[in-house]
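Here's the structure, in structure tokens; my notes come after.
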Amino acid sequence: MDLLVIGGGINGAGIARDAAGRGLSVVLCEQADLAQATSSASTKLIHGGLRYLEQYEFRLVREALIEREVLLGNAPHIIWPLTFVLPHVSKLRPAWMVRLGLFLYDHLGGRKRLPGSRGVDFTKDPFGAPLKDDVRKGFAYSDCWVEDSRLVVLNAQDAREHGAEVLTRTACRRARRGDDGLWHASLEAAGPGGADRTFTARAVVNAAGPWVTQVLGQVTGVNRPVGLRLVKGSHLVVPKLYDGDQAYILQNDDRRIVFAIPYERDYTLLGTTDKLYESDPGQVEIDADERAYICRAANRYFKRQVNPDDAIWHYSGVRPLYDDANENVSAVTRDYVFDVDGGFGKDSEGDGGDGTPPLLSVFGGKITTYRKLAEHAMDKLLPLLGTRGRSAAPAWTEHAALPGGDIANADFEGYLADLQHRHDWLPAHMARRYARAYGTRTERILAGAASLDDLGPHLGDELYGAEVRYLQQHEWARTADDILWRRTKLGLHLSEATQDALAAHLGETAGARTGAGARLKSARSQGVAAK
């Protein structure tokens with residue numbers, strides 16, 4: 001094997017996809033489910049990061065803005081344009097500064113698909129309807145929305161279709177360099193029947209996210225003087241605060257911002273926070289201060305007020321940022337940094353290798369720039385693989401659609417109309433949900449079906465066996481939580497009876513659901529209504 005990738009978040013999946021598409025033999029292992037940690041706990045945006053301009057992160061913003069256009073073309077089913085409305089508060093940022101920032105935002109990345117920014121008079125524009133009367137002027141600009149956990153799964157799916165082996169719920173327990181110039185790794189699968197597997201690899205990528213330093217020290221035994229800053233970000237999901245498809249970017253007195261974003265038809269997503277985190281990344285939870293902080297930000301601007309008890313769901317993630325020694329947690333760089341240990345292996349014919357196979361560890365990064373991160377990781381690794389690296393194919397992902405994204409002209413609405421025409425028996429809301437989640441791969445779920453009865457067991461609401469089977473066979477779904485919260489967000493919409501029926505269909509025991517499902521059930525038990 002050429003490459004062992006440890007970590008099934010967006011960076012690990014992206015690197016595995018890139019490497020497999022270049023002809024390298026790749027194994028990706030993830031200790032839990034794909035995107036179970038940080039990569040499913042983002043604000044779900046493909047964006048340049050307007051506020052990073054204040055921190056002079058021009059390279060990062062430019063790369064992210066360019067990638068925004070690339071990803072929109074490669075995955076138009078799970079990524080789509082979103083208008084952001086920025087109410088202006090003069091005492092926080094003067095108008096000239098905001099205009100300058102938006103001018104740079106419009107031009108740094110060679111914008112092609114998205115409209116430019118503009119000023120907004122909230123006393124006349126419908127965007128002002130949800131806002132308090134004293135919020136009178138602002139700005140509007142464009143970014144994109146992404147189904148973050150699905151982005152991870154689609155990258156892993158494409159990696160497998162290019163020859164990679166993807167092992168979920170499989171932890172790398174030990175990886176050591178051998179005298180043969182290769183890595184020797186032991187992997188252990190969780191659950192009943194889990195067994196150790198051993199691999200040799202020319203190189204290892206440590207993309208373990210919040211666990212990156214743990215993998216460095218405990219798994220590989222490599223001690224490196226690199227720092228990791230864990231920063232918690234939390235979000236609340238509340239009954240929708242306003243009508244319309246626009247999002248709002250809300251400025252706080254601490255110079256941070258909170259987003260308010262239309263979410264899953266019935267809700268508004270509020271977040272995020274920035275808080276130094278020093279506990280177990282696997283047990284991260286929102287705290288009372290964060291709940292209050294998010295609600296204060298929303299209540300400062302919106303007529304419809306919200307309090308922490310209104311939340312029907314919440315989620316938190318830990319950002320594994322490179323420690324740049326910045327005392328302000330919110331100003332710690334979101335750019336990615338590679339740490340490379342080792343060089344040529346002994347099997348690098350004629351290269352004078354020293355027998356030290358390379359280890360590349362990934363720190364930081366944004367979901368928006370994951371594809372460029374993967375390309376740059378390969379730029380680092382391939383020269384360290386000697387002749388094997390030189391024989392690899394060139395970079396290829398810029399113009400390659402992700403699974404389901406091969407939609408003509410990236411015209412999602414056109415594809416949806418055609419899908420509904422060809423399957424006129426499928427309810428419109430199901431057709432849209434399938435198309436948004438699976439794109440052209442919807443055809444695999446509907447193959448041979450001429451009615452809802454042909455979609456297999458009806459588990460309740462709009463969930464049928466054909467979709468569950470597809471997720472099991474093609475997207476590594478094993479548990480109800482995998483399906484309800486990472487492959488989809490049906491956990492917000494399906495009745496508890498349907499969720500229990502899904503769990504039973506998958507062979508789970510009663511009460512087995514954890515994580516997001518348990519948090520939502522707890523919210524409901526406290527009298528918070530969920531539609």
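In the structure tokens, chains take letters A, B, ... by order of appearance, with residues numbered from 1 within each chain and ligands from 1 in the order shown.
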TODO: Please identify which residues in stretch 310-445 of chain A DSSP calls alpha helix (DSSP H) from the backbone, and express them as number ranges by chain.
DONE: A: 370-381, 386-390, 412-422, 428-438, 442-445
TODO: For A:Ala189, please output as a PyMOL selection string all residues within 10 Å (counting only C-alpha atoms; exclusion window: fewer than 4 positions along the same chain).
DONE: chain A and resi 29-32+167-172+193-197
Convert the current residue selection to file output with all heavy atoms, as a JSON list (two decimals), in the first residue's frame.
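Result went into again33.json, see below:
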[["chain", "number", "residue", "atom", "x", "y", "z"],
["A", 29, "CYS", "N", -8.81, 4.91, 7.37],
["A", 29, "CYS", "CA", -9.46, 4.35, 8.55],
["A", 29, "CYS", "C", -10.00, 5.47, 9.42],
["A", 29, "CYS", "O", -9.38, 6.51, 9.56],
["A", 29, "CYS", "CB", -8.52, 3.44, 9.34],
["A", 29, "CYS", "SG", -7.15, 4.27, 10.16],
["A", 30, "GLU", "N", -11.18, 5.24, 9.98],
["A", 30, "GLU", "CA", -11.86, 6.19, 10.85],
["A", 30, "GLU", "C", -12.35, 5.44, 12.09],
["A", 30, "GLU", "O", -13.03, 4.42, 11.97],
["A", 30, "GLU", "CB", -13.03, 6.84, 10.11],
["A", 30, "GLU", "CG", -14.07, 7.53, 10.98],
["A", 30, "GLU", "CD", -13.49, 8.56, 11.93],
["A", 30, "GLU", "OE1", -12.67, 9.39, 11.49],
["A", 30, "GLU", "OE2", -13.89, 8.55, 13.12],
["A", 31, "GLN", "N", -12.01, 5.96, 13.26],
["A", 31, "GLN", "CA", -12.33, 5.25, 14.50],
["A", 31, "GLN", "C", -13.84, 5.19, 14.79],
["A", 31, "GLN", "O", -14.30, 4.31, 15.51],
["A", 31, "GLN", "CB", -11.63, 5.90, 15.68],
["A", 31, "GLN", "CG", -12.08, 7.32, 15.98],
["A", 31, "GLN", "CD", -11.37, 7.93, 17.17],
["A", 31, "GLN", "OE1", -10.72, 7.23, 17.93],
["A", 31, "GLN", "NE2", -11.48, 9.25, 17.33],
["A", 32, "ALA", "N", -14.62, 6.11, 14.21],
["A", 32, "ALA", "CA", -16.07, 6.12, 14.43],
["A", 32, "ALA", "C", -16.75, 6.11, 13.07],
["A", 32, "ALA", "O", -16.35, 5.38, 12.17],
["A", 32, "ALA", "CB", -16.46, 7.32, 15.28],
["A", 167, "LEU", "N", -12.39, 2.18, 5.71],
["A", 167, "LEU", "CA", -12.74, 1.37, 6.87],
["A", 167, "LEU", "C", -13.28, 2.28, 7.97],
["A", 167, "LEU", "O", -12.52, 3.04, 8.59],
["A", 167, "LEU", "CB", -11.51, 0.61, 7.38],
["A", 167, "LEU", "CG", -10.79, -0.28, 6.36],
["A", 167, "LEU", "CD1", -9.49, -0.81, 6.94],
["A", 167, "LEU", "CD2", -11.70, -1.42, 5.90],
["A", 168, "THR", "N", -14.58, 2.24, 8.20],
["A", 168, "THR", "CA", -15.16, 3.02, 9.29],
["A", 168, "THR", "C", -15.21, 2.17, 10.55],
["A", 168, "THR", "O", -15.10, 0.95, 10.51],
["A", 168, "THR", "CB", -16.58, 3.48, 8.93],
["A", 168, "THR", "OG1", -17.43, 2.35, 8.74],
["A", 168, "THR", "CG2", -16.57, 4.33, 7.67],
["A", 169, "ARG", "N", -15.34, 2.86, 11.68],
["A", 169, "ARG", "CA", -15.34, 2.21, 12.99],
["A", 169, "ARG", "C", -14.14, 1.29, 13.13],
["A", 169, "ARG", "O", -14.22, 0.19, 13.64],
["A", 169, "ARG", "CB", -16.66, 1.47, 13.22],
["A", 169, "ARG", "CG", -17.83, 2.44, 13.36],
["A", 169, "ARG", "CD", -19.17, 1.75, 13.50],
["A", 169, "ARG", "NE", -20.20, 2.70, 13.89],
["A", 169, "ARG", "CZ", -20.87, 3.49, 13.03],
["A", 169, "ARG", "NH1", -20.61, 3.41, 11.75],
["A", 169, "ARG", "NH2", -21.77, 4.35, 13.47],
["A", 170, "THR", "N", -13.02, 1.79, 12.64],
["A", 170, "THR", "CA", -11.76, 1.05, 12.66],
["A", 170, "THR", "C", -10.66, 2.00, 13.09],
["A", 170, "THR", "O", -10.36, 2.97, 12.39],
["A", 170, "THR", "CB", -11.44, 0.47, 11.26],
["A", 170, "THR", "OG1", -12.50, -0.40, 10.86],
["A", 170, "THR", "CG2", -10.14, -0.31, 11.29],
["A", 171, "ALA", "N", -10.09, 1.75, 14.23],
["A", 171, "ALA", "CA", -9.07, 2.63, 14.80],
["A", 171, "ALA", "C", -7.67, 2.11, 14.47],
["A", 171, "ALA", "O", -7.43, 0.90, 14.47],
["A", 171, "ALA", "CB", -9.23, 2.73, 16.31],
["A", 172, "CYS", "N", -6.77, 3.05, 14.18],
["A", 172, "CYS", "CA", -5.36, 2.69, 14.06],
["A", 172, "CYS", "C", -4.77, 2.71, 15.46],
["A", 172, "CYS", "O", -4.64, 3.76, 16.08],
["A", 172, "CYS", "CB", -4.63, 3.67, 13.15],
["A", 172, "CYS", "SG", -2.90, 3.23, 12.87],
["A", 193, "GLY", "N", -17.22, -9.04, 16.50],
["A", 193, "GLY", "CA", -16.53, -9.54, 15.33],
["A", 193, "GLY", "C", -15.39, -8.69, 14.85],
["A", 193, "GLY", "O", -14.73, -9.00, 13.85],
["A", 194, "GLY", "N", -15.13, -7.57, 15.54],
["A", 194, "GLY", "CA", -14.02, -6.72, 15.16],
["A", 194, "GLY", "C", -12.70, -7.45, 15.29],
["A", 194, "GLY", "O", -12.48, -8.20, 16.25],
["A", 195, "ALA", "N", -11.84, -7.26, 14.32],
["A", 195, "ALA", "CA", -10.57, -7.99, 14.32],
["A", 195, "ALA", "C", -9.45, -7.05, 13.91],
["A", 195, "ALA", "O", -9.65, -6.07, 13.20],
["A", 195, "ALA", "CB", -10.65, -9.18, 13.36],
["A", 196, "ASP", "N", -8.27, -7.38, 14.36],
["A", 196, "ASP", "CA", -7.09, -6.62, 13.97],
["A", 196, "ASP", "C", -6.75, -6.88, 12.51],
["A", 196, "ASP", "O", -6.91, -8.00, 11.99],
["A", 196, "ASP", "CB", -5.89, -7.00, 14.83],
["A", 196, "ASP", "CG", -5.98, -6.42, 16.23],
["A", 196, "ASP", "OD1", -6.83, -5.54, 16.44],
["A", 196, "ASP", "OD2", -5.21, -6.86, 17.10],
["A", 197, "ARG", "N", -6.29, -5.86, 11.84],
["A", 197, "ARG", "CA", -5.73, -5.99, 10.50],
["A", 197, "ARG", "C", -4.40, -5.27, 10.49],
["A", 197, "ARG", "O", -4.22, -4.27, 11.20],
["A", 197, "ARG", "CB", -6.67, -5.40, 9.44],
["A", 197, "ARG", "CG", -7.99, -6.11, 9.32],
["A", 197, "ARG", "CD", -8.86, -5.48, 8.25],
["A", 197, "ARG", "NE", -8.27, -5.58, 6.92],
["A", 197, "ARG", "CZ", -8.83, -5.09, 5.81],
["A", 197, "ARG", "NH1", -9.99, -4.44, 5.90],
["A", 197, "ARG", "NH2", -8.24, -5.21, 4.63]]
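Going from atom CA of A:His314 to atom CA of A:Gly271 covers 9.9 Å.
Taking only C-alpha atoms into account, A:Gln472 lies nearest to A:Ile445 out of the set A:Ile445, A:Pro115, A:Val212, A:Met430.
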- [ ] Determine, counting only C-alpha atoms, which protein, DNA and RNA residues have an atom within 7 Å of an atom of stretch 474-480 of chain A; residues of the same chain fewer than 2 positions away are not included. Present the result as a PyMOL selection string.
- [x] chain A and resi 153+157+470-472+482-484+502-503+506+513
Open item on the list: Can you tell me which residues surround stretch 405-408 of chain A at a distance of at most 6 Å, considering only C-alpha atoms, apart from same-chain residues fewer than 5 positions away, and format the answer as a list in words?
Closed with: Asn74, Ala75, Pro76 and Gly439 of chain A
Please save all heavy atoms of the selected residues as a compact mmCIF listing (two decimals), in the first residue's frame.
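selection-v8.txt written:
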# COMPACT_ATOMS: atom_id res chain seq x y z
N ASN A 74 -18.91 21.44 -8.72
CA ASN A 74 -18.67 20.00 -8.59
C ASN A 74 -19.70 19.26 -7.75
O ASN A 74 -19.78 18.04 -7.80
CB ASN A 74 -17.28 19.75 -7.99
CG ASN A 74 -16.17 20.10 -8.96
OD1 ASN A 74 -16.39 20.24 -10.16
ND2 ASN A 74 -14.96 20.26 -8.44
N ALA A 75 -20.46 20.00 -6.96
CA ALA A 75 -21.45 19.34 -6.10
C ALA A 75 -22.69 20.22 -5.96
O ALA A 75 -23.05 20.63 -4.85
CB ALA A 75 -20.85 19.02 -4.74
N PRO A 76 -23.38 20.53 -7.06
CA PRO A 76 -24.51 21.47 -6.98
C PRO A 76 -25.72 20.91 -6.26
O PRO A 76 -26.67 21.67 -5.99
CB PRO A 76 -24.83 21.75 -8.46
CG PRO A 76 -24.36 20.53 -9.18
CD PRO A 76 -23.13 20.08 -8.44
N GLY A 439 -28.35 13.74 -5.48
CA GLY A 439 -28.11 14.18 -6.84
C GLY A 439 -28.50 13.10 -7.84
O GLY A 439 -29.54 12.44 -7.71
Can you write out as a tab-separated table which residues of stretch 157-230 of chain A fall within 6 Å of stretch 5-16 of chain A, alongside each residue's closest atom pair and its distance in Å to one decimal, counting only C-alpha atoms and ordering rows by chain and ascending residue number?
residue	atom	partner	partner_atom	distance
A:Ala159	CA	A:Ala16	CA	5.8
A:Val204	CA	A:Val5	CA	5.9
A:Val205	CA	A:Val5	CA	4.7
A:Asn206	CA	A:Ile6	CA	5.2
A:Ala207	CA	A:Gly7	CA	5.0
A:Ala208	CA	A:Gly7	CA	4.4
Include N, CA and C atoms and write out the residues we just selected as a PDB file, in the first residue's frame.
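Below is the file that was written, out.pdb:
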ATOM      1  N   ALA A 159     -13.388   8.286  -3.288  1.00  0.00           N
ATOM      2  CA  ALA A 159     -12.110   7.632  -3.021  1.00  0.00           C
ATOM      3  C   ALA A 159     -12.238   6.130  -3.251  1.00  0.00           C
ATOM      4  N   VAL A 204       2.175   7.725   5.783  1.00  0.00           N
ATOM      5  CA  VAL A 204       0.988   7.856   6.634  1.00  0.00           C
ATOM      6  C   VAL A 204       0.569   9.318   6.654  1.00  0.00           C
ATOM      7  N   VAL A 205      -0.731   9.542   6.529  1.00  0.00           N
ATOM      8  CA  VAL A 205      -1.316  10.871   6.715  1.00  0.00           C
ATOM      9  C   VAL A 205      -2.105  10.852   8.009  1.00  0.00           C
ATOM     10  N   ASN A 206      -1.758  11.753   8.896  1.00  0.00           N
ATOM     11  CA  ASN A 206      -2.459  11.904  10.169  1.00  0.00           C
ATOM     12  C   ASN A 206      -3.437  13.061  10.022  1.00  0.00           C
ATOM     13  N   ALA A 207      -4.699  12.709   9.700  1.00  0.00           N
ATOM     14  CA  ALA A 207      -5.760  13.714   9.544  1.00  0.00           C
ATOM     15  C   ALA A 207      -6.817  13.476  10.612  1.00  0.00           C
ATOM     16  N   ALA A 208      -6.371  13.281  11.827  1.00  0.00           N
ATOM     17  CA  ALA A 208      -7.253  12.882  12.919  1.00  0.00           C
ATOM     18  C   ALA A 208      -7.961  14.042  13.589  1.00  0.00           C
TER      19      ALA A 208
END
TODO: Using only C-alpha atoms, determine which residues lie at most 9 Å from A:Pro357, disregarding the query and same-chain residues fewer than 6 positions distant; provide the list as a list of chain:residue names.
DONE: A:Arg177, A:Gly178, A:Gly181, A:Leu182, A:Trp183, A:Ala201, A:Arg202, A:Ala203, A:Val204, A:Asp341, A:Gly342, A:Gly343, A:Phe344, A:Gly345, A:Lys346, A:Leu384, A:Leu385
Export of prior selection with all heavy atoms as a compact mmCIF listing (two decimals), in the first residue's frame:
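part.txt was written with the following content:
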# COMPACT_ATOMS: atom_id res chain seq x y z
N ARG A 177 7.56 2.73 12.17
CA ARG A 177 8.45 2.56 11.04
C ARG A 177 9.26 1.29 11.20
O ARG A 177 9.78 1.00 12.28
CB ARG A 177 9.38 3.76 10.92
CG ARG A 177 8.68 5.05 10.50
CD ARG A 177 9.59 6.24 10.64
NE ARG A 177 9.04 7.42 9.99
CZ ARG A 177 8.90 8.59 10.57
NH1 ARG A 177 9.25 8.75 11.85
NH2 ARG A 177 8.41 9.61 9.91
N GLY A 178 9.38 0.55 10.08
CA GLY A 178 10.15 -0.68 10.11
C GLY A 178 11.49 -0.53 9.44
O GLY A 178 11.77 0.48 8.77
N GLY A 181 11.86 0.29 5.60
CA GLY A 181 11.54 1.58 5.01
C GLY A 181 10.05 1.81 4.82
O GLY A 181 9.65 2.69 4.07
N LEU A 182 9.22 1.01 5.52
CA LEU A 182 7.78 1.14 5.42
C LEU A 182 7.16 1.36 6.80
O LEU A 182 7.78 1.05 7.82
CB LEU A 182 7.17 -0.12 4.79
CG LEU A 182 7.63 -0.51 3.39
CD1 LEU A 182 7.07 -1.88 3.02
CD2 LEU A 182 7.21 0.54 2.38
N TRP A 183 5.95 1.88 6.81
CA TRP A 183 5.16 1.93 8.02
C TRP A 183 4.47 0.58 8.23
O TRP A 183 3.95 -0.01 7.28
CB TRP A 183 4.08 3.02 7.93
CG TRP A 183 4.60 4.41 8.12
CD1 TRP A 183 4.93 5.30 7.14
CD2 TRP A 183 4.82 5.07 9.36
NE1 TRP A 183 5.36 6.48 7.70
CE2 TRP A 183 5.30 6.37 9.07
CE3 TRP A 183 4.67 4.69 10.70
CZ2 TRP A 183 5.62 7.30 10.05
CZ3 TRP A 183 4.98 5.61 11.69
CH2 TRP A 183 5.46 6.89 11.37
N ALA A 201 2.70 0.51 4.69
CA ALA A 201 2.43 1.67 3.85
C ALA A 201 3.71 2.47 3.64
O ALA A 201 4.56 2.55 4.53
CB ALA A 201 1.37 2.56 4.49
N ARG A 202 3.82 3.05 2.46
CA ARG A 202 4.96 3.91 2.18
C ARG A 202 4.88 5.23 2.95
O ARG A 202 5.91 5.84 3.24
CB ARG A 202 5.05 4.20 0.68
CG ARG A 202 5.45 2.99 -0.16
CD ARG A 202 5.59 3.38 -1.64
NE ARG A 202 6.18 2.31 -2.41
CZ ARG A 202 5.50 1.32 -2.98
NH1 ARG A 202 4.18 1.28 -2.84
NH2 ARG A 202 6.12 0.38 -3.66
N ALA A 203 3.67 5.68 3.23
CA ALA A 203 3.50 6.95 3.94
C ALA A 203 2.22 6.90 4.75
O ALA A 203 1.30 6.15 4.44
CB ALA A 203 3.46 8.12 2.95
N VAL A 204 2.18 7.73 5.78
CA VAL A 204 0.99 7.86 6.63
C VAL A 204 0.57 9.32 6.65
O VAL A 204 1.41 10.22 6.78
CB VAL A 204 1.26 7.36 8.07
CG1 VAL A 204 0.10 7.72 9.00
CG2 VAL A 204 1.50 5.85 8.09
N ASP A 341 7.25 14.68 8.83
CA ASP A 341 8.36 14.00 9.50
C ASP A 341 8.81 12.85 8.61
O ASP A 341 8.00 12.03 8.19
CB ASP A 341 7.90 13.46 10.86
CG ASP A 341 9.04 12.80 11.62
OD1 ASP A 341 9.87 13.53 12.18
OD2 ASP A 341 9.08 11.55 11.65
N GLY A 342 10.09 12.78 8.32
CA GLY A 342 10.60 11.69 7.50
C GLY A 342 10.82 12.11 6.07
O GLY A 342 10.52 13.23 5.65
N GLY A 343 11.36 11.16 5.29
CA GLY A 343 11.69 11.44 3.90
C GLY A 343 11.54 10.22 3.04
O GLY A 343 10.57 9.48 3.16
N PHE A 344 12.50 9.99 2.18
CA PHE A 344 12.42 8.86 1.26
C PHE A 344 12.53 7.54 2.00
O PHE A 344 13.27 7.40 2.95
CB PHE A 344 13.54 8.92 0.22
CG PHE A 344 13.52 10.14 -0.62
CD1 PHE A 344 14.52 11.09 -0.50
CD2 PHE A 344 12.51 10.35 -1.54
CE1 PHE A 344 14.51 12.23 -1.30
CE2 PHE A 344 12.50 11.48 -2.34
CZ PHE A 344 13.50 12.42 -2.22
N GLY A 345 11.77 6.55 1.53
CA GLY A 345 11.91 5.19 2.04
C GLY A 345 12.97 4.44 1.27
O GLY A 345 13.40 4.85 0.20
N LYS A 346 13.40 3.30 1.80
CA LYS A 346 14.47 2.52 1.17
C LYS A 346 14.05 1.93 -0.17
O LYS A 346 14.90 1.55 -0.98
CB LYS A 346 14.92 1.40 2.11
CG LYS A 346 15.76 1.90 3.27
CD LYS A 346 16.25 0.73 4.11
CE LYS A 346 17.16 1.22 5.23
NZ LYS A 346 17.61 0.12 6.10
N LEU A 384 8.36 12.81 -1.57
CA LEU A 384 8.94 11.99 -0.51
C LEU A 384 8.76 10.50 -0.76
O LEU A 384 9.27 9.68 -0.01
CB LEU A 384 8.31 12.36 0.84
CG LEU A 384 8.41 13.82 1.24
CD1 LEU A 384 7.77 14.04 2.61
CD2 LEU A 384 9.87 14.28 1.27
N LEU A 385 8.03 10.15 -1.84
CA LEU A 385 7.80 8.75 -2.17
C LEU A 385 8.69 8.28 -3.31
O LEU A 385 8.51 7.17 -3.82
CB LEU A 385 6.33 8.53 -2.55
CG LEU A 385 5.31 8.81 -1.44
CD1 LEU A 385 3.90 8.59 -1.96
CD2 LEU A 385 5.58 7.91 -0.24
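Proximity to A:Glu285 was assessed for A:Gln305, A:Ala41, A:Arg433, A:Lys240 counting only C-alpha atoms; the smallest distance is recorded for A:Ala41.
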- [ ] Can you pull out every residue within 12 Å of A:Pro239, counting only C-alpha atoms, but drop anything in the same chain fewer than 2 positions away, and send it as a PyMOL selection string?
- [x] chain A and resi 236-237+241-243+260-270+304-313+492+528-531
- [ ] Run DSSP on the backbone and grab whatever in stretch 304-408 of chain A lands in strand (DSSP E); send it over as a PyMOL selection string.
- [x] chain A and resi 313-322+337-341+359-363
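One distance worth recording is that between atom CA of A:Arg422 and atom CA of A:Tyr434, which is 14.0 Å.
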Open item on the list: Neighbouring residues of A:Gly221 were defined as those with any atom within 10 Å, considering only C-alpha atoms; residues of the same chain fewer than 5 positions away were excluded. Please report them as a VMD selection string.
Closed with: chain A and resid 174 to 177 214 to 216
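The coordinates place atom CA of A:Thr83 at 6.7 Å from atom CA of A:Ala140.
Considering only C-alpha atoms, the residue among A:Leu382, A:Ala19, A:Ala431, A:Leu359 positioned nearest to A:Ala417 is A:Ala431.
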